[in-house]
$ cat coords-v3.txt   # compact mmCIF, C-alpha atoms
# COMPACT_ATOMS: atom_id res chain seq x y z
CA MET A 16 -18.34 15.84 -18.41
CA ALA A 17 -17.10 14.39 -15.11
CA ASN A 18 -13.38 14.29 -14.38
CA ARG A 19 -11.49 11.03 -14.33
CA VAL A 20 -9.82 9.40 -11.33
CA ASP A 21 -6.04 9.02 -11.36
CA VAL A 22 -4.72 5.96 -9.52
CA LEU A 23 -1.48 5.73 -7.55
CA LEU A 24 -0.33 2.29 -6.44
CA GLY A 25 2.63 0.12 -5.53
CA ALA A 26 4.37 -1.74 -8.36
CA GLN A 27 6.37 -4.13 -6.16
CA TRP A 28 5.74 -5.92 -2.83
CA GLY A 29 4.61 -2.80 -0.98
CA ASP A 30 6.66 -0.26 1.01
CA GLU A 31 7.57 1.54 -2.22
CA GLY A 32 7.07 5.08 -0.90
CA LYS A 33 3.51 5.76 -2.06
CA GLY A 34 2.75 8.14 0.80
CA LYS A 35 5.53 10.53 -0.16
CA VAL A 36 4.45 10.67 -3.81
CA VAL A 37 0.81 11.29 -2.83
CA ASP A 38 1.99 14.13 -0.60
CA VAL A 39 4.12 15.61 -3.41
CA ILE A 40 1.41 15.56 -6.08
CA ALA A 41 -1.60 16.17 -3.78
CA PRO A 42 -1.74 19.94 -4.53
CA GLY A 43 -3.04 19.00 -7.98
CA TYR A 44 -6.04 17.15 -6.53
CA GLN A 45 -9.07 18.09 -4.46
CA VAL A 46 -9.77 14.54 -3.21
CA ILE A 47 -7.41 11.76 -2.09
CA ALA A 48 -9.21 8.42 -1.64
CA ARG A 49 -7.90 5.16 -0.16
CA PHE A 50 -9.49 2.22 -1.99
CA GLN A 51 -8.29 -0.99 -0.30
CA GLY A 52 -6.25 -2.52 2.49
CA GLY A 53 -6.33 -1.65 6.16
CA PRO A 54 -4.06 -0.59 9.00
CA ASN A 55 -1.39 -2.97 7.70
CA ALA A 56 -0.48 -0.05 5.45
CA GLY A 57 2.26 2.27 6.65
CA HIS A 58 2.57 5.33 4.43
CA THR A 59 5.51 7.41 5.63
CA LEU A 60 5.77 11.15 4.93
CA ILE A 61 8.68 13.35 5.97
CA PHE A 62 8.70 17.13 5.68
CA ASN A 63 10.09 20.01 7.74
CA GLY A 64 12.29 17.44 9.44
CA LYS A 65 9.37 15.52 10.96
CA LYS A 66 8.22 11.97 10.22
CA HIS A 67 4.54 11.00 9.97
CA VAL A 68 3.21 7.46 9.42
CA LEU A 69 -0.36 6.97 8.18
CA HIS A 70 -2.12 3.60 8.40
CA THR A 71 -5.74 4.29 7.40
CA ILE A 72 -6.04 8.00 6.63
CA PRO A 73 -5.16 9.02 3.04
CA SER A 74 -1.82 10.73 2.53
CA GLY A 75 -3.31 14.05 1.39
CA VAL A 76 -4.21 14.97 4.95
CA PHE A 77 -1.30 17.39 5.30
CA ARG A 78 -2.39 19.46 2.30
CA PRO A 79 -4.88 22.19 3.32
CA GLY A 80 -8.21 22.10 1.53
CA THR A 81 -7.88 18.49 0.37
CA TRP A 82 -10.68 16.02 1.08
CA ASN A 83 -9.48 12.63 2.34
CA LEU A 84 -11.85 9.71 1.77
CA VAL A 85 -11.55 6.22 3.26
CA GLY A 86 -13.38 4.15 0.65
CA ASN A 87 -15.60 1.11 0.90
CA GLY A 88 -12.77 -1.26 -0.07
CA VAL A 89 -10.79 -0.41 3.08
CA VAL A 90 -11.16 -2.35 6.33
CA ILE A 91 -11.02 -0.15 9.42
CA ASP A 92 -9.84 -0.82 12.97
CA PRO A 93 -11.46 2.06 14.90
CA VAL A 94 -8.84 1.87 17.67
CA ILE A 95 -5.96 2.36 15.24
CA LEU A 96 -7.88 5.05 13.35
CA MET A 97 -8.53 7.06 16.50
CA ARG A 98 -4.91 6.79 17.61
CA GLU A 99 -3.92 8.07 14.20
CA ILE A 100 -6.35 10.99 14.44
CA ASP A 101 -5.12 11.86 17.96
CA ALA A 102 -1.47 11.79 16.80
CA LEU A 103 -2.28 14.13 13.92
CA LYS A 104 -4.13 16.52 16.21
CA ALA A 105 -1.11 16.54 18.54
CA ALA A 106 0.97 17.52 15.51
CA GLY A 107 -1.38 20.41 14.79
CA VAL A 108 -3.43 18.75 12.02
CA ASP A 109 -7.19 18.70 12.63
CA VAL A 110 -7.93 15.87 10.26
CA THR A 111 -11.60 15.51 11.18
CA THR A 112 -12.57 18.61 9.21
CA ARG A 113 -11.56 17.00 5.92
CA LEU A 114 -11.87 13.25 6.57
CA LEU A 115 -14.76 11.16 5.25
CA ILE A 116 -15.51 7.48 5.92
CA SER A 117 -17.52 5.20 3.63
CA ARG A 118 -20.57 3.57 5.18
CA ARG A 119 -19.77 0.43 3.20
CA ALA A 120 -16.27 -0.02 4.67
CA HIS A 121 -15.97 -3.11 6.86
CA MET A 122 -14.74 -2.92 10.44
CA ILE A 123 -12.05 -4.99 12.16
CA LEU A 124 -13.30 -6.39 15.48
CA PRO A 125 -11.04 -7.53 18.35
CA THR A 126 -12.04 -11.11 17.50
CA HIS A 127 -10.81 -10.60 13.93
CA ARG A 128 -7.36 -9.85 15.34
CA ALA A 129 -7.57 -12.92 17.57
CA LEU A 130 -8.52 -15.12 14.61
CA ASP A 131 -5.61 -13.70 12.62
CA ALA A 132 -3.16 -14.55 15.40
CA ALA A 133 -4.60 -18.03 15.97
CA SER A 134 -4.58 -18.85 12.26
CA GLU A 135 -0.99 -17.69 11.78
CA ALA A 136 0.19 -19.60 14.86
CA SER A 137 -1.43 -22.78 13.56
CA LYS A 138 0.55 -22.63 10.31
CA GLY A 139 3.92 -23.25 11.96
CA ASN A 140 6.64 -23.10 9.31
CA GLU A 141 4.02 -22.32 6.64
CA LYS A 142 3.31 -18.83 8.02
CA ILE A 143 2.45 -16.25 5.36
CA GLY A 144 3.85 -13.31 7.33
CA SER A 145 0.58 -11.70 8.39
CA THR A 146 0.81 -8.34 10.20
CA LEU A 147 -1.75 -9.79 12.67
CA LYS A 148 -3.98 -6.73 12.29
CA GLY A 149 -7.08 -8.81 11.58
CA ILE A 150 -7.15 -7.85 7.91
CA GLY A 151 -7.58 -11.35 6.42
CA PRO A 152 -10.40 -12.51 8.73
CA THR A 153 -12.26 -9.22 8.14
CA TYR A 154 -12.12 -9.65 4.36
CA MET A 155 -13.21 -13.28 4.83
CA ASP A 156 -16.31 -12.09 6.69
CA LYS A 157 -16.90 -9.53 3.95
CA THR A 158 -16.91 -12.16 1.21
CA GLY A 159 -18.77 -14.56 3.54
CA ARG A 160 -21.54 -11.94 3.75
CA ASN A 161 -21.65 -11.54 7.50
CA GLY A 162 -19.22 -8.68 8.13
CA PHE A 163 -19.79 -5.61 10.31
CA ARG A 164 -19.73 -2.34 8.36
CA VAL A 165 -19.31 1.30 9.39
CA GLY A 166 -22.95 1.92 8.44
CA ASP A 167 -24.00 -0.71 10.98
CA LEU A 168 -22.87 1.68 13.74
CA GLU A 169 -25.88 3.83 12.83
CA ARG A 170 -28.41 0.97 13.07
CA SER A 171 -30.69 0.46 16.08
CA ASP A 172 -29.69 -3.23 16.17
CA ARG A 173 -25.98 -2.45 16.15
CA ASP A 174 -25.27 -4.36 19.38
CA ASN A 175 -27.08 -7.48 18.18
CA ARG A 176 -25.14 -7.49 14.91
CA TYR A 177 -21.87 -7.10 16.76
CA ALA A 178 -22.73 -9.87 19.25
CA ALA A 179 -23.77 -12.29 16.49
CA LEU A 180 -20.44 -11.88 14.69
CA VAL A 181 -18.46 -12.22 17.92
CA LYS A 182 -20.34 -15.44 18.72
CA LYS A 183 -19.35 -16.85 15.33
CA HIS A 184 -15.73 -15.86 15.94
CA GLU A 185 -15.68 -17.44 19.40
CA HIS A 186 -16.76 -20.73 17.86
CA LEU A 187 -13.99 -20.51 15.25
CA LEU A 188 -11.41 -19.64 17.92
CA SER A 189 -12.42 -22.73 19.90
CA LEU A 190 -11.24 -24.87 16.98
CA TYR A 191 -7.62 -23.72 17.35
CA SER A 192 -5.20 -25.21 19.86
CA THR A 193 -3.76 -21.75 20.57
CA THR A 194 -5.74 -19.58 22.98
CA ILE A 195 -5.74 -15.89 22.07
CA ALA A 196 -6.99 -13.37 24.65
CA TRP A 197 -9.16 -10.63 23.15
CA LYS A 198 -11.90 -9.57 25.60
CA GLU A 199 -9.70 -7.02 27.35
CA ALA A 200 -9.55 -5.11 24.03
CA GLU A 201 -13.32 -4.90 23.66
CA LYS A 202 -14.00 -1.75 25.73
CA GLU A 203 -11.34 0.27 23.88
CA TRP A 204 -12.85 -0.94 20.59
CA GLN A 205 -16.37 0.10 21.63
CA ASP A 206 -15.16 3.53 22.74
CA ALA A 207 -13.28 4.04 19.47
CA ALA A 208 -16.27 2.85 17.45
CA SER A 209 -18.45 5.45 19.19
CA ARG A 210 -15.93 8.14 18.25
CA LEU A 211 -15.87 6.89 14.67
CA ARG A 212 -19.65 7.30 14.51
CA ASP A 213 -19.16 11.01 15.19
CA LEU A 214 -16.95 11.43 12.11
CA ARG A 215 -18.37 12.34 8.72
CA ILE A 216 -19.79 9.06 7.41
CA VAL A 217 -20.97 9.18 3.79
CA ASP A 218 -22.35 7.07 0.96
CA SER A 219 -18.95 7.40 -0.64
CA GLU A 220 -19.86 6.25 -4.15
CA HIS A 221 -22.47 9.03 -4.44
CA TRP A 222 -20.26 11.61 -2.74
CA LEU A 223 -17.38 10.80 -5.09
CA ASP A 224 -19.61 10.95 -8.16
CA GLU A 225 -20.81 14.41 -7.11
CA ARG A 226 -17.24 15.64 -6.65
CA LEU A 227 -16.20 14.33 -10.08
CA ARG A 228 -19.22 15.94 -11.74
CA ALA A 229 -18.37 19.20 -9.96
CA GLY A 230 -14.94 19.13 -11.65
CA ASP A 231 -12.80 18.01 -8.72
CA ARG A 232 -9.65 16.02 -9.47
CA VAL A 233 -9.48 12.73 -7.55
CA LEU A 234 -6.43 10.61 -6.75
CA ALA A 235 -7.09 7.01 -5.67
CA GLU A 236 -4.38 5.87 -3.25
CA GLY A 237 -3.56 2.16 -3.04
CA ALA A 238 -1.88 0.28 -0.21
CA GLN A 239 0.57 -2.64 -0.27
CA GLY A 240 1.76 -3.50 -3.81
CA THR A 241 0.85 -5.27 -7.05
CA LEU A 242 2.82 -8.41 -6.21
CA LEU A 243 0.71 -8.79 -3.05
CA ASP A 244 -2.58 -8.70 -4.97
CA ILE A 245 -5.00 -11.47 -4.00
CA ASP A 246 -5.34 -12.58 -7.66
CA PHE A 247 -2.08 -11.61 -9.38
CA GLY A 248 0.42 -11.58 -6.53
CA THR A 249 2.70 -14.37 -5.28
CA TYR A 250 -0.19 -16.39 -3.87
CA PRO A 251 -0.65 -17.50 -1.10
CA PHE A 252 1.92 -15.01 0.23
CA VAL A 253 -0.33 -12.06 -0.57
CA THR A 254 -2.70 -9.64 1.10
CA SER A 255 -6.48 -10.12 1.20
CA SER A 256 -7.57 -7.35 -1.16
CA SER A 257 -7.15 -6.20 -4.75
CA THR A 258 -4.11 -3.93 -4.75
CA ILE A 259 -4.18 -3.25 -8.50
CA SER A 260 -5.84 -0.45 -10.50
CA ALA A 261 -9.00 -2.54 -11.01
CA GLY A 262 -9.36 -2.51 -7.22
CA ALA A 263 -9.91 1.24 -7.35
CA CYS A 264 -13.18 0.62 -9.20
CA THR A 265 -14.60 -1.84 -6.67
CA GLY A 266 -12.97 -0.08 -3.72
CA LEU A 267 -14.49 3.32 -4.50
CA GLY A 268 -17.55 2.60 -6.64
CA ILE A 269 -16.32 4.09 -9.92
CA GLY A 270 -16.58 2.63 -13.42
CA PRO A 271 -13.53 1.49 -15.44
CA GLY A 272 -14.10 4.37 -17.86
CA SER A 273 -13.52 6.78 -14.99
CA ILE A 274 -9.85 5.80 -14.60
CA GLY A 275 -7.36 8.32 -15.99
CA LYS A 276 -3.64 8.06 -15.30
CA VAL A 277 -2.20 5.09 -13.41
CA ILE A 278 0.97 6.00 -11.52
CA GLY A 279 3.14 3.08 -10.44
CA ILE A 280 5.59 3.52 -7.55
CA PHE A 281 8.74 1.42 -7.27
CA LYS A 282 12.10 1.51 -5.51
CA ALA A 283 15.46 1.62 -7.28
CA TYR A 284 15.89 -1.85 -5.75
CA SER A 285 13.43 -4.43 -4.38
CA THR A 286 12.19 -5.24 -0.87
CA ARG A 287 9.75 -7.63 0.68
CA VAL A 288 8.39 -8.12 4.22
CA GLY A 289 7.43 -11.54 5.55
CA SER A 290 7.39 -14.88 3.76
CA GLY A 291 7.13 -15.63 0.06
CA PRO A 292 9.28 -15.90 -3.07
CA PHE A 293 11.77 -13.13 -3.85
CA PRO A 294 14.02 -14.02 -6.84
CA THR A 295 16.51 -11.13 -6.49
CA GLU A 296 16.90 -11.28 -2.70
CA LEU A 297 20.42 -10.60 -1.45
CA MET A 298 21.41 -12.70 1.56
CA ASP A 299 24.84 -11.08 1.84
CA ALA A 300 26.60 -7.91 2.92
CA THR A 301 25.20 -5.98 -0.06
CA GLY A 302 21.67 -6.83 1.01
CA GLU A 303 22.43 -5.73 4.57
CA HIS A 304 24.01 -2.50 3.29
CA ILE A 305 20.84 -1.67 1.35
CA ARG A 306 18.70 -2.49 4.40
CA GLN A 307 20.67 -0.18 6.67
CA ALA A 308 21.17 2.62 4.13
CA GLY A 309 17.49 2.53 3.17
CA ARG A 310 16.26 2.07 6.75
CA GLU A 311 14.31 -0.89 5.50
CA PHE A 312 12.27 -1.75 8.56
CA GLY A 313 8.48 -1.96 8.42
CA SER A 314 6.73 1.31 9.37
CA THR A 315 3.77 -0.72 10.69
CA THR A 316 5.46 -3.81 12.15
CA GLY A 317 9.10 -2.75 12.56
CA ARG A 318 10.17 -6.01 10.90
CA PRO A 319 13.41 -5.89 8.86
CA ARG A 320 12.63 -5.97 5.14
CA ARG A 321 14.28 -8.44 2.81
CA CYS A 322 16.32 -6.54 0.20
CA GLY A 323 17.50 -7.30 -3.33
CA TRP A 324 18.24 -5.90 -6.77
CA LEU A 325 15.54 -4.38 -8.97
CA ASP A 326 13.41 -7.05 -10.66
CA LEU A 327 12.43 -5.80 -14.13
CA PRO A 328 10.25 -8.78 -15.15
CA ALA A 329 8.17 -8.20 -12.00
CA LEU A 330 8.01 -4.45 -12.67
CA ARG A 331 7.02 -5.05 -16.29
CA TYR A 332 4.29 -7.42 -15.03
CA ALA A 333 2.98 -4.72 -12.68
CA VAL A 334 2.89 -2.21 -15.55
CA MET A 335 0.90 -4.68 -17.64
CA ILE A 336 -1.60 -5.72 -14.95
CA ASN A 337 -2.32 -2.15 -13.88
CA GLY A 338 -2.16 -0.35 -17.21
CA VAL A 339 0.49 1.92 -15.64
CA THR A 340 0.94 5.13 -17.64
CA GLU A 341 3.89 6.58 -15.69
CA LEU A 342 6.29 5.56 -12.95
CA ALA A 343 7.93 7.11 -9.91
CA MET A 344 11.25 5.66 -8.72
CA MET A 345 11.97 5.98 -5.02
CA LYS A 346 15.14 5.73 -2.92
CA ALA A 347 17.65 6.29 -5.70
CA ASP A 348 19.88 7.82 -3.02
CA VAL A 349 20.14 4.52 -1.13
CA LEU A 350 22.32 3.07 -3.90
CA CYS A 351 24.62 6.14 -3.97
CA GLY A 352 28.30 5.32 -3.61
CA MET A 353 28.13 1.77 -4.92
CA ASP A 354 30.68 1.03 -7.66
CA ARG A 355 28.29 -1.26 -9.51
CA VAL A 356 24.57 -1.93 -9.35
CA LYS A 357 22.65 -4.81 -10.86
CA LEU A 358 19.24 -5.21 -12.46
CA CYS A 359 17.42 -8.45 -13.15
CA ASN A 360 16.50 -8.27 -16.85
CA SER A 361 14.96 -11.75 -17.10
CA TYR A 362 14.58 -15.11 -15.37
CA ARG A 363 16.00 -18.52 -16.17
CA VAL A 364 13.18 -20.94 -15.39
CA ASN A 365 14.08 -24.61 -15.67
CA GLY A 366 16.85 -23.68 -18.10
CA ILE A 367 14.71 -21.42 -20.30
CA VAL A 368 15.25 -17.63 -20.28
CA THR A 369 12.03 -15.61 -20.10
CA ASP A 370 10.98 -12.06 -19.26
CA ARG A 371 7.57 -13.24 -18.02
CA VAL A 372 6.58 -13.76 -14.39
CA PRO A 373 5.72 -17.47 -14.08
CA TYR A 374 2.76 -18.94 -12.21
CA ASP A 375 5.07 -20.06 -9.41
CA LEU A 376 8.01 -17.84 -8.48
CA SER A 377 9.07 -19.98 -5.54
CA THR A 378 11.00 -22.77 -7.27
CA GLY A 379 13.38 -23.04 -10.22
CA VAL A 380 13.55 -19.28 -10.89
CA GLU A 381 17.05 -17.85 -11.36
CA PRO A 382 17.51 -14.10 -12.01
CA VAL A 383 19.57 -13.09 -15.04
CA TYR A 384 21.42 -9.88 -14.15
CA GLU A 385 22.95 -6.96 -15.99
CA THR A 386 25.60 -4.91 -14.20
CA MET A 387 25.66 -1.12 -14.59
CA PRO A 388 27.92 1.64 -13.22
CA GLY A 389 26.94 3.11 -9.86
CA TRP A 390 26.49 6.78 -9.09
CA GLY A 391 27.58 9.28 -6.48
CA ASP A 392 25.61 11.82 -4.51
CA ILE A 393 22.49 13.26 -6.10
CA SER A 394 21.93 17.00 -5.92
CA SER A 395 19.60 19.01 -8.16
CA GLU A 396 19.91 16.72 -11.17
CA LEU A 397 20.47 13.07 -12.01
CA PRO A 398 24.10 11.95 -12.38
CA PRO A 399 24.76 10.43 -15.85
CA ALA A 400 25.03 6.90 -14.44
CA LEU A 401 21.70 7.21 -12.62
CA ASN A 402 20.06 8.71 -15.69
CA ALA A 403 21.31 5.72 -17.71
CA TYR A 404 19.86 3.39 -15.05
CA VAL A 405 16.46 5.11 -15.32
CA GLU A 406 16.50 5.03 -19.12
CA HIS A 407 17.32 1.31 -19.04
CA ILE A 408 14.24 0.76 -16.86
CA GLU A 409 12.07 2.84 -19.20
CA ARG A 410 13.16 0.80 -22.22
CA ALA A 411 12.55 -2.46 -20.37
CA VAL A 412 9.01 -1.68 -19.17
CA GLY A 413 7.86 0.74 -21.89
CA VAL A 414 6.65 3.44 -19.49
CA PRO A 415 8.28 6.79 -18.59
CA VAL A 416 9.74 7.40 -15.14
CA ARG A 417 8.38 10.86 -14.29
CA ILE A 418 9.53 11.19 -10.68
CA VAL A 419 12.84 10.25 -9.04
CA SER A 420 13.02 10.50 -5.26
CA THR A 421 16.46 11.40 -3.95
CA GLY A 422 15.73 11.31 -0.21
CA PRO A 423 12.94 10.90 2.34
CA ASP A 424 11.91 14.55 2.62
CA ARG A 425 9.12 16.05 0.51
CA ALA A 426 11.66 18.48 -1.00
CA GLN A 427 14.02 15.68 -2.12
CA THR A 428 12.12 14.95 -5.32
CA LEU A 429 13.24 15.42 -8.92
CA LEU A 430 10.63 15.77 -11.67
CA ARG A 431 11.78 14.48 -15.03
CA GLU A 432 10.77 16.00 -18.36
CA GLY A 433 7.02 16.18 -18.83
CA VAL A 434 5.99 15.63 -15.22
CA GLY A 435 5.25 19.31 -14.58
CA ALA A 436 2.62 19.29 -17.29
CA ALA A 437 1.29 15.96 -16.07
CA HIS A 438 0.62 17.20 -12.56
$ encode --input "coords-v3.txt" --output "structure tokens"
Amino acid sequence: MANRVDVLLGAQWGDEGKGKVVDVIAPGYQVIARFQGGPNAGHTLIFNGKKHVLHTIPSGVFRPGTWNLVGNGVVIDPVILMREIDALKAAGVDVTTRLLISRRAHMILPTHRALDAASEASKGNEKIGSTLKGIGPTYMDKTGRNGFRVGDLERSDRDNRYAALVKKHEHLLSLYSTTIAWKEAEKEWQDAASRLRDLRIVDSEHWLDERLRAGDRVLAEGAQGTLLDIDFGTYPFVTSSSTISAGACTGLGIGPGSIGKVIGIFKAYSTRVGSGPFPTELMDATGEHIRQAGREFGSTTGRPRRCGWLDLPALRYAVMINGVTELAMMKADVLCGMDRVKLCNSYRVNGIVTDRVPYDLSTGVEPVYETMPGWGDISSELPPALNAYVEHIERAVGVPVRIVSTGPDRAQTLLREGVGAAH
């Protein structure tokens, strides 16, 4: 019988620390597979005192002998991918020997980036906070059935397909009042696309099925977070793909019965980048303290992240939507030294207290907090106050917290009871 696929994903608004957890548990898997998103992802890994940021390549790349698959649900900018590969090679990691790219993955063209910038500029005060990487327009072409896929690089009519899509984009760009220059980026894109064609391109759904039948363990790695999901996130302030566990099925070509564990990653507090509702946001000195202590600046964009207390209704919602079986809590160390910490246990919506996430989080939603004792430095075990904080979360969401991260380095990770057997 074929093995099942475990899924690891963000349970908040992204930036939860997924890359570190993948790196920590990767030795238990033979394949790490990205299933959605694009270079707007920024998965940060720190070990041996060195920081690495991955945008497209799965986070198992630093573990020898691990296959890293970029699945069909991912959108790829070849320029960013090649820069990432070159940076890894400079760091002594020859990623090309264990990197595979799905033929069905769609490609981000320079005109996609131009359309993203023009669209965002046209929104004025209604901006959604796009990373301007061309992600949204690429997914729009995918669903509009005229996208350009990695497999098209192997076709004899590749140039015609590319030119036809560019012509469509030029027409769309002419409709905007803002002029976005893009042609100077075309040569670099073509050169990078030619290099991409030399990588190992596979029919990923068949390749993955063969690996599972051969007994390999597969970890599906998500990008962004549940609350940015195109269907279940804080629409329209969301990303353009399915960030939830169901997205692993469509983003890799596996059936629902193939899903095993679902590991949700969350921070000990909450953050968000860009526009959109954020009930527990702190617009005061405490919020700024968390931002500075947690170095909460986007690894892809550099933008300062909005910071706030942990939102348990939102976390409970993520557990429900994804079928999360276990959790990993990141950045517990950032709250060290605070006399008191708060958690949002419920919302007051139009005067009614509820623990459900409403259809619209942007108006009339007031967090209802509980205050708990803070904790000091974390060494080899959880301080009693932090352990009480974790147990409170477990009771609220009904899922065990198996991993607690106590710092950015790979080694700064505490495994709670049962996690050793799980991984």
$ closest_residue --input "coords-v3.txt" --among "A:Lys282, A:Lys183, A:Lys276, A:His121" --to "Val89 (chain A)" --atoms "all atoms listed in the file"
A:His121
$ residues_around --input "coords-v3.txt" --residues "Tyr154 (chain A)" --least-positions-apart "4" --cutoff "7 Å" --atoms "all atoms listed in the file" --output "PDB file with C-alpha atoms, keeping the file's coordinate frame"
ATOM      1  CA  ILE A 150      -7.150  -7.850   7.910  1.00  0.00           C
ATOM      2  CA  THR A 158     -16.910 -12.160   1.210  1.00  0.00           C
ATOM      3  CA  SER A 255      -6.480 -10.120   1.200  1.00  0.00           C
TER       4      SER A 255
END
$ closest_residue --input "coords-v3.txt" --among "A:Gly279, A:Gly289, A:Gly352, A:Pro382" --to "Gly25 (chain A)" --atoms "only C-alpha atoms"
A:Gly279
$ closest_residue --input "coords-v3.txt" --among "A:Gly366, A:Pro93, A:Gly389, A:Pro415" --to "Ile280 (chain A)" --atoms "only C-alpha atoms"
A:Pro415
$ atom_distance --input "coords-v3.txt" --atom1 "CA of Ala426 (chain A)" --atom2 "CA of Ile278 (chain A)"
19.5 Å
$ closest_residue --input "coords-v3.txt" --among "A:Thr81, A:Ser256, A:Ser273, A:Thr378" --to "Pro292 (chain A)" --atoms "all atoms listed in the file"
A:Thr378
$ closest_atom_pairs --input "coords-v3.txt" --of "region 262-377 of chain A" --to "region 410-414 of chain A" --cutoff "8 Å" --atoms "only C-alpha atoms" --output "Markdown table"
| residue | atom | partner | partner_atom | distance |
| --- | --- | --- | --- | --- |
| A:Leu327 | CA | A:Ala411 | CA | 7.1 |
| A:Leu330 | CA | A:Val412 | CA | 7.1 |
| A:Arg331 | CA | A:Val412 | CA | 4.9 |
| A:Val334 | CA | A:Val412 | CA | 7.1 |
| A:Val339 | CA | A:Val414 | CA | 7.4 |
| A:Thr340 | CA | A:Val414 | CA | 6.2 |
| A:Glu341 | CA | A:Val414 | CA | 5.6 |
| A:Leu342 | CA | A:Val414 | CA | 6.9 |
| A:Asn360 | CA | A:Ala411 | CA | 7.9 |
$ build_atoms --input "coords-v3.txt" --residues "region 344-356 of chain A" --atoms "N, CA and C atoms" --output "mmCIF file, in the frame of the given file"
data_model
loop_
_atom_site.group_PDB
_atom_site.id
_atom_site.type_symbol
_atom_site.label_atom_id
_atom_site.label_comp_id
_atom_site.auth_asym_id
_atom_site.auth_seq_id
_atom_site.Cartn_x
_atom_site.Cartn_y
_atom_site.Cartn_z
ATOM 1 N N MET A 344 10.207 6.498 -9.326
ATOM 2 C CA MET A 344 11.250 5.660 -8.720
ATOM 3 C C MET A 344 11.715 6.282 -7.412
ATOM 4 N N MET A 345 11.632 5.504 -6.346
ATOM 5 C CA MET A 345 11.970 5.980 -5.020
ATOM 6 C C MET A 345 13.341 5.461 -4.580
ATOM 7 N N LYS A 346 13.925 6.160 -3.617
ATOM 8 C CA LYS A 346 15.140 5.730 -2.920
ATOM 9 C C LYS A 346 16.339 5.524 -3.839
ATOM 10 N N ALA A 347 16.458 6.345 -4.860
ATOM 11 C CA ALA A 347 17.650 6.290 -5.700
ATOM 12 C C ALA A 347 18.904 6.607 -4.895
ATOM 13 N N ASP A 348 18.743 7.411 -3.845
ATOM 14 C CA ASP A 348 19.880 7.820 -3.020
ATOM 15 C C ASP A 348 20.466 6.668 -2.215
ATOM 16 N N VAL A 349 19.654 5.634 -1.953
ATOM 17 C CA VAL A 349 20.140 4.520 -1.130
ATOM 18 C C VAL A 349 21.278 3.780 -1.821
ATOM 19 N N LEU A 350 21.275 3.767 -3.149
ATOM 20 C CA LEU A 350 22.320 3.070 -3.900
ATOM 21 C C LEU A 350 23.522 3.969 -4.207
ATOM 22 N N CYS A 351 23.484 5.221 -3.737
ATOM 23 C CA CYS A 351 24.620 6.140 -3.970
ATOM 24 C C CYS A 351 25.912 5.555 -3.380
ATOM 25 N N GLY A 352 26.998 5.727 -4.112
ATOM 26 C CA GLY A 352 28.300 5.320 -3.610
ATOM 27 C C GLY A 352 28.686 3.888 -3.926
ATOM 28 N N MET A 353 27.797 3.141 -4.542
ATOM 29 C CA MET A 353 28.130 1.770 -4.920
ATOM 30 C C MET A 353 28.843 1.793 -6.276
ATOM 31 N N ASP A 354 29.926 1.049 -6.403
ATOM 32 C CA ASP A 354 30.680 1.030 -7.660
ATOM 33 C C ASP A 354 29.850 0.453 -8.800
ATOM 34 N N ARG A 355 29.108 -0.591 -8.504
ATOM 35 C CA ARG A 355 28.290 -1.260 -9.510
ATOM 36 C C ARG A 355 26.918 -1.569 -8.910
ATOM 37 N N VAL A 356 25.916 -1.507 -9.744
ATOM 38 C CA VAL A 356 24.570 -1.930 -9.350
ATOM 39 C C VAL A 356 24.087 -2.949 -10.376
#
